[in-house]
Amino acid sequence: IGFICIDNPTKHSDDIALVYSLTSLLSVLKTLTQNSAEKELIASDYDAQTNLLNRTRYWRDVTSMRPDALSSLGVIFADVNGLNKLNKELGTEYGDGIINFVANNLREIFGGDSVYRISGDEFVSLSKNITNEEFNKLAEHLRNNFEFTHPSTISVGSTWSDSGINALKMVDHAESLMHMDKQSHYRKQEDAGNRERPRVLQNLQKSINDGMFK
């Protein structure tokens with residue numbers, strides 16, 4: 001909010017230069033106000049940590065998406081497995097590093113204007129007008145990057161359609177597939193633990209036989 005005051009206006013009523021200068025000043029103030037409002041609106045659309053689009057923007061985009069304006073839609077739903085546990089065991093700096101790693105990969109592969117961080121550990125990508133083949137290649141590239149750098153740490157669900165497109169339902173489907181992937185990761189970890197347990201027990205028995213605990 002700003003104010004402009006004119007002292008003794010009747011005395012300067014014939015001063016055209018003054019009128020022009022005030023008009024120019026008002027125009028500048030209006031532009032500054034509009035720019036400030038636009039910057040605030042843009043900032044409110046982005047996640048502060050990752051600089052991805054946030055949940056507010058996601059909801060606005062996904063609910064306003066017109067199926068008749070799309071030839072196809074590909075959806076990625078990604079989630080960091082056990083983020084709270086990672087933060088507790090390895091520290092929040094490590095957890096933040098995983099979040100930024102996921103965000104950067106999604107941005108680089110799918111583009112920053114279609115990727116959203118919708119919660120602390122969940123991400124969605126909406127790829128419009130993309131072929132099934134191209135989308136599957138990008139999704140596979142994403143999975144490979146995740147598994148190579150952070151094995152069994154990030155779960156991914158993906159789905160694509162070129163008919164009867166309903167963005168919200170497709171996101172729900174991708175989320176369901178992500179949860180199936182998450183369970184697969186957990187089973188792998190459990191199986192690895194089961195394979196490791198006999199070796200640990202054998203070493204313990206050997207130590208006992210060798211009299212290490214006497």
# chains A, B, ... in the order shown; residues from 1 in each chain; ligands from 1
$ closest_atom_pairs --of "segment 108-140 of chain A" --to "segment 81-101 of chain A" --cutoff "12 Å" --atoms "only C-alpha atoms" --output "CSV"
residue,atom,partner,partner_atom,distance
A:Glu108,CA,A:Phe101,CA,10.6
A:Arg117,CA,A:Ile99,CA,9.6
A:Ser119,CA,A:Ile99,CA,10.8
A:Gly120,CA,A:Ile99,CA,8.3
A:Asp121,CA,A:Leu83,CA,6.9
A:Glu122,CA,A:Ile99,CA,9.1
A:Phe123,CA,A:Ile99,CA,9.5
$ residues_around --residues "Ser161 of chain A" --least-positions-apart "3" --cutoff "8 Å" --atoms "only C-alpha atoms" --output "list in words"
Ser72, Leu73, Gly74, Asn132, Gly164 and Ile165 of chain A
$ write_last_selection --atoms "C-alpha atoms" --output "mmCIF file, in the first residue's frame"
data_model
loop_
_atom_site.group_PDB
_atom_site.id
_atom_site.type_symbol
_atom_site.label_atom_id
_atom_site.label_comp_id
_atom_site.auth_asym_id
_atom_site.auth_seq_id
_atom_site.Cartn_x
_atom_site.Cartn_y
_atom_site.Cartn_z
ATOM 1 C CA SER A 72 -2.015 -39.201 -24.520
ATOM 2 C CA LEU A 73 -0.807 -38.961 -20.934
ATOM 3 C CA GLY A 74 1.979 -40.731 -19.071
ATOM 4 C CA ASN A 132 3.921 -45.109 -25.223
ATOM 5 C CA GLY A 164 -10.442 -42.271 -21.918
ATOM 6 C CA ILE A 165 -7.818 -40.144 -20.200
#
$ atom_distance --atom1 "atom CA of Gln189 of chain A" --atom2 "atom CA of Asn136 of chain A"
26.1 Å
$ atom_distance --atom1 "atom CA of Leu126 of chain A" --atom2 "atom CA of Ile109 of chain A"
11.9 Å
$ residues_around --residues "segment 170-174 of chain A" --least-positions-apart "5" --cutoff "7 Å" --atoms "only C-alpha atoms" --output "PyMOL selection string"
chain A and resi 75-77+157-159
$ closest_residue --among "A:Leu52, A:Leu168, A:Met65, A:Leu106" --to "Ala139 of chain A" --atoms "only C-alpha atoms"
A:Leu106
$ residues_around --residues "Arg66 of chain A" --least-positions-apart "5" --cutoff "10 Å" --atoms "only C-alpha atoms" --output "list in words"
Asp61, Ile165, Asn166 and Ala167 of chain A
$ closest_residue --among "A:Thr131, A:Asn144, A:Val156, A:Asp181" --to "Leu70 of chain A" --atoms "only C-alpha atoms"
A:Thr131
$ select_by_dssp --residues "segment 74-139 of chain A" --states "alpha helix (DSSP H)" --output "VMD selection string"
chain A and resid 83 to 90 92 to 110 132 to 139
